[in-house]
Amino acid sequence: MNAGSTLAQKLIARAAGQSHVSVGEVLTCQVDLAMFHDSSGPRRLKPMLAEIGAEIWDRNKVVLVLDHYVPAKDADSEKIVRITRDVAKEWQLPHVIDSEGICHVVLPERGHLKPGYFCVGGDSHSPTGGAFGTYMFGIGATEMLGVVATGEIWVQVPQTLRMVWQGALQKGVCAKDMMLHMIGKFGMNGGNYQAVEFAGDTVRGLGMQERMTLSNMSAEMGAQVGLIAADHTTREYLKSVGVSQAVIEQSQYFETDDGADCQRFDFEASQLSPQVAAPHSPENTKAVGEYSHIVPSVAYIGACTGAKLADLRAAAEVLKGRKVAAGVQLMVAPASARDQAQAAKEGVMQILIDAGASVLPNACGACAGYGGTFEEGATVISSTARNFQGRMGPASVQVYLASPATVAASALKGHIADVREVLA
Amino acid sequence: MMQDALAFRKVWRVGANIDTDALAPGAYMKHGIEVIAAHCLEVHRTDFAAGAKPGDVLVAGPNFGIGSSREQAAGALKQLGIAAVIAPSYSGLFFRNAFNLGLLLLTCSEAESLQENETVQIDCEGTPQVRNAQGQVLTCHAVPSFLMDMVNAGGLVNVLKQRMADKALSKTH
């Protein structure tokens with residue numbers, strides 16, 4: 001007899017059509033949804049589909065997002081965007097989201113992710129979908145070809161590292177700080193391509209977009225997925241984005257069984273300080289106080305990791321009625337057009353603009369490093385996910401990762417600053 | 001395509017935590033694989049892309065290939081003719097991508113005992129082994145047979161091509 005299953009095992013069992021799956025087993029799973037974008041998608045898939053003589057297995061299960069090369073910065077980028085749009089028409093894709101935000105944010109925003117689903121994305125931050133009780137992971141373009149041609153993919157059932165957070169976060173401390181702390185503790189490959197699951201009353205108390213930040217940066221821990229069991233908060237989110245009551249009821253809400261075999265790690269939320277990851281790795285994480293001597297020239301609030309509505313609100317709370325320090329350039333690239341519109345409605349965008357922010361397009365922007373990166377010698381405090389050398393500009397660029405609230409507090413003070421002191 | 005077990009292969013060494021931005025820099029991602037490959041690893045060593053010869057091997061520290069899903073990170077090494085990467089551990093996403101492109105990854109806890117410029121032989125019959133000129137033998141983790149088949153087929157595209165052809169054939173019968 002087995003002692004029960006983890007959330008990861010249950011999600012894989014469903015997709016593989018099995019009643020129970022064991023850790024280490026290699027299985028073929030049916031894919032409920034495949035997401036790809038302008039970089040990993042049509043420009044790579046179309047010639048390969050033609051080469052193997054196949055067509056898309058089910059266009060209703062495909063979502064295409066244009067976010068990496070928009071707005072096009074040069075002729076090469078323009079060409080990629082044009083190919084992407086042409087192929088979308090040719091394939092008659094019913095779900096295309098063009099220049100309206102970053103894939104991992106617009107996917108749930110349009111109601112595409114449902115609890116119980118097994119999904120793949122042509123982008124490494126695809127574990128973001130795990131926040132919805134969905135098994136979702138990133139794959140490369142050739143593997144995506146396999147998925148769109150067959151509707152299937154292999155997976156090895158992972159072990160689960162269960163991160164249990166209890167207690168209340170201090171004011172100004174948020175999901176990004178939890179995640180930077182965990183990456184610092186476990187390292188960039190500490191997840192060892194297994195499943196990470198976030199649980200405990202702290203996680204239960206987070207809104208969907210904060211949960212997405214946890215799942216999103218599971219990628220930086222080297223996990224295949226970053227799962228959170230769907231609950232009442234998930235249902236309310238689905239309702240708010242227009243998913244029908246019938247679909248919400250039919251979705252599958254799995255949880256890790258009490259006796260399931262997993263590695264458990266406990267964290268006390270009230271003890272956590274704001275965290276900062278120094279160049280050039282997300283695992284170079286320490287409490288914010290260690291870096292108060294660092295003077296950024298740029299404060300960047302962007303990306304799927306750090307510029308969702310919840311992130312913009314957190315930054316605005318810090319900057320309300322204030323101006324950023326001289327010498328600091330504040331840039332805000334809201335993660336989606338809908339989040340930006342809602343932020344505008346709430347006065348959040350005006351607060352950021354009044355504080356001195358320049359507002360950039362709803363796209364991956366400087367985080368992907370595909371265009372519009374930072375200048376030689378820049379020191380950046382950023383709400384994004386990765387600070388690899390050379391990613392966001394020349395090798396000389398120094399990127400410190402932090403929460404949007406810490407980025408805002410640092411812009412305000414002119415040095416890396418503790419948001420708790422600003423909000424006190 | 002794997003692989004002449006007798007061939008002597010030159011070792012290129014890099015360190016731990018080599019990320020996909022180093023292997024396939026974002027600024028060149030809009031270009032074809034030839035251009036990306038010409039800048040492969042330049043943030044760590046500028047002699048690699050220009051000097052790597054078909055059949056050479058890349059030996060790295062732990063966590064090779066962390067970061068992005070961009071398979072050009074593996075594609076660039078393939079483009080340069082790298083026969084195999086030997087490292088103690090890999091990013092899981094990079095691991096899948098490499099085999100999908102037909103690039104052999106060998107997981108070996110002692111990988112870092114191999115030195116820059118020495119020559120090694122790789123034998124993939126059974127459990128893969130790496131042998132250096134002094135006769136030192138490093139045993140690697142077994143590669144699952146379906147992944148070894150993928151390397152031998154030259155990648156997933158060829159596997160799928162065969163699968164589609166078989167499907168078409170079975171329909172006509």
# chains A, B, ... in the order shown; residues from 1 in each chain; ligands from 1
call {"tool": "interface_residues", "arguments": {"of": "chain A", "to": "chain B", "cutoff": "6 Å", "atoms": "only C-alpha atoms", "output": "NGL selection string"}}
result
:A and (52 or 123-124 or 139-140 or 193 or 369-370 or 391)
call {"tool": "residues_around", "arguments": {"residues": "Glu421 in chain A", "least_positions_apart": "6", "cutoff": "10 Å", "atoms": "only C-alpha atoms", "output": "PyMOL selection string"}}
result
chain A and resi 171-172+409
call {"tool": "closest_residue", "arguments": {"among": "A:Thr28, A:Gln170, A:Ser273, A:Ser244", "to": "Ala424 in chain A", "atoms": "only C-alpha atoms"}}
result
A:Gln170
call {"tool": "atom_distance", "arguments": {"atom1": "CA of Glu375 in chain A", "atom2": "CA of Ser396 in chain A"}}
result
8.7 Å
call {"tool": "select_by_dssp", "arguments": {"residues": "range 259-371 of chain A", "states": "alpha helix (DSSP H)", "output": "number ranges by chain"}}
result
A: 303-306, 309-319, 337-345, 348-354
call {"tool": "select_by_dssp", "arguments": {"residues": "range 77-308 of chain A", "states": "strand (DSSP E or B)", "output": "JSON, numbers by chain"}}
result
{"A": [96, 97, 98, 101, 118, 119, 120, 121, 135, 136, 137, 138, 152, 153, 154, 155, 156, 160, 161, 162, 163, 164, 165, 166, 195, 196, 197, 198, 199, 225, 226, 227, 263, 264, 265, 266, 267, 268, 275, 276, 277, 285, 286, 287, 298, 299, 300, 301]}
call {"tool": "residues_around", "arguments": {"residues": "range 228-236 of chain A", "least_positions_apart": "2", "cutoff": "6 Å", "atoms": "only C-alpha atoms", "output": "count of residues only"}}
result
9
call {"tool": "atom_distance", "arguments": {"atom1": "CA of Val31 in chain A", "atom2": "CA of Thr84 in chain A"}}
result
22.5 Å
call {"tool": "residues_around", "arguments": {"residues": "Thr128 in chain A", "least_positions_apart": "3", "cutoff": "7 Å", "atoms": "only C-alpha atoms", "output": "PyMOL selection string"}}
result
chain A and resi 104+125+131+212+215-216
call {"tool": "residues_around", "arguments": {"residues": "Met163 in chain A", "least_positions_apart": "5", "cutoff": "10 Å", "atoms": "only C-alpha atoms", "output": "PyMOL selection string"}}
result
chain A and resi 182+196-200+203+263-267
call {"tool": "write_last_selection", "arguments": {"atoms": "N, CA and C atoms", "output": "PDB file, in the first residue's frame"}}
result
ATOM      1  N   MET A 182      14.388  31.417  -0.016  1.00  0.00           N
ATOM      2  CA  MET A 182      14.439  29.974  -0.297  1.00  0.00           C
ATOM      3  C   MET A 182      15.513  29.652  -1.338  1.00  0.00           C
ATOM      4  N   VAL A 196       8.606  21.526  -6.296  1.00  0.00           N
ATOM      5  CA  VAL A 196       8.532  22.294  -5.065  1.00  0.00           C
ATOM      6  C   VAL A 196       7.054  22.578  -4.828  1.00  0.00           C
ATOM      7  N   GLU A 197       6.618  22.418  -3.591  1.00  0.00           N
ATOM      8  CA  GLU A 197       5.240  22.788  -3.264  1.00  0.00           C
ATOM      9  C   GLU A 197       5.259  23.800  -2.131  1.00  0.00           C
ATOM     10  N   PHE A 198       4.486  24.852  -2.272  1.00  0.00           N
ATOM     11  CA  PHE A 198       4.407  25.883  -1.243  1.00  0.00           C
ATOM     12  C   PHE A 198       3.113  25.689  -0.461  1.00  0.00           C
ATOM     13  N   ALA A 199       3.223  25.636   0.867  1.00  0.00           N
ATOM     14  CA  ALA A 199       2.049  25.358   1.686  1.00  0.00           C
ATOM     15  C   ALA A 199       2.165  26.111   3.011  1.00  0.00           C
ATOM     16  N   GLY A 200       1.152  25.945   3.849  1.00  0.00           N
ATOM     17  CA  GLY A 200       1.137  26.595   5.149  1.00  0.00           C
ATOM     18  C   GLY A 200       0.232  27.819   5.151  1.00  0.00           C
ATOM     19  N   VAL A 203       1.117  30.967   2.989  1.00  0.00           N
ATOM     20  CA  VAL A 203       0.858  30.820   1.549  1.00  0.00           C
ATOM     21  C   VAL A 203      -0.643  30.893   1.278  1.00  0.00           C
ATOM     22  N   GLN A 263       9.853  15.727   1.191  1.00  0.00           N
ATOM     23  CA  GLN A 263      10.789  16.382   2.106  1.00  0.00           C
ATOM     24  C   GLN A 263      10.148  17.675   2.572  1.00  0.00           C
ATOM     25  N   ARG A 264      10.049  17.855   3.878  1.00  0.00           N
ATOM     26  CA  ARG A 264       9.371  19.038   4.385  1.00  0.00           C
ATOM     27  C   ARG A 264      10.381  20.028   4.982  1.00  0.00           C
ATOM     28  N   PHE A 265      10.193  21.299   4.657  1.00  0.00           N
ATOM     29  CA  PHE A 265      11.033  22.357   5.224  1.00  0.00           C
ATOM     30  C   PHE A 265      10.112  23.418   5.819  1.00  0.00           C
ATOM     31  N   ASP A 266      10.399  23.831   7.040  1.00  0.00           N
ATOM     32  CA  ASP A 266       9.521  24.791   7.722  1.00  0.00           C
ATOM     33  C   ASP A 266      10.144  26.179   7.806  1.00  0.00           C
ATOM     34  N   PHE A 267       9.299  27.173   7.611  1.00  0.00           N
ATOM     35  CA  PHE A 267       9.748  28.574   7.650  1.00  0.00           C
ATOM     36  C   PHE A 267       8.786  29.391   8.509  1.00  0.00           C
TER      37      PHE A 267
END
call {"tool": "closest_residue", "arguments": {"among": "B:Val11, B:Met150, B:Lys53, B:Val35", "to": "Glu143 in chain A", "atoms": "only C-alpha atoms"}}
result
B:Met150
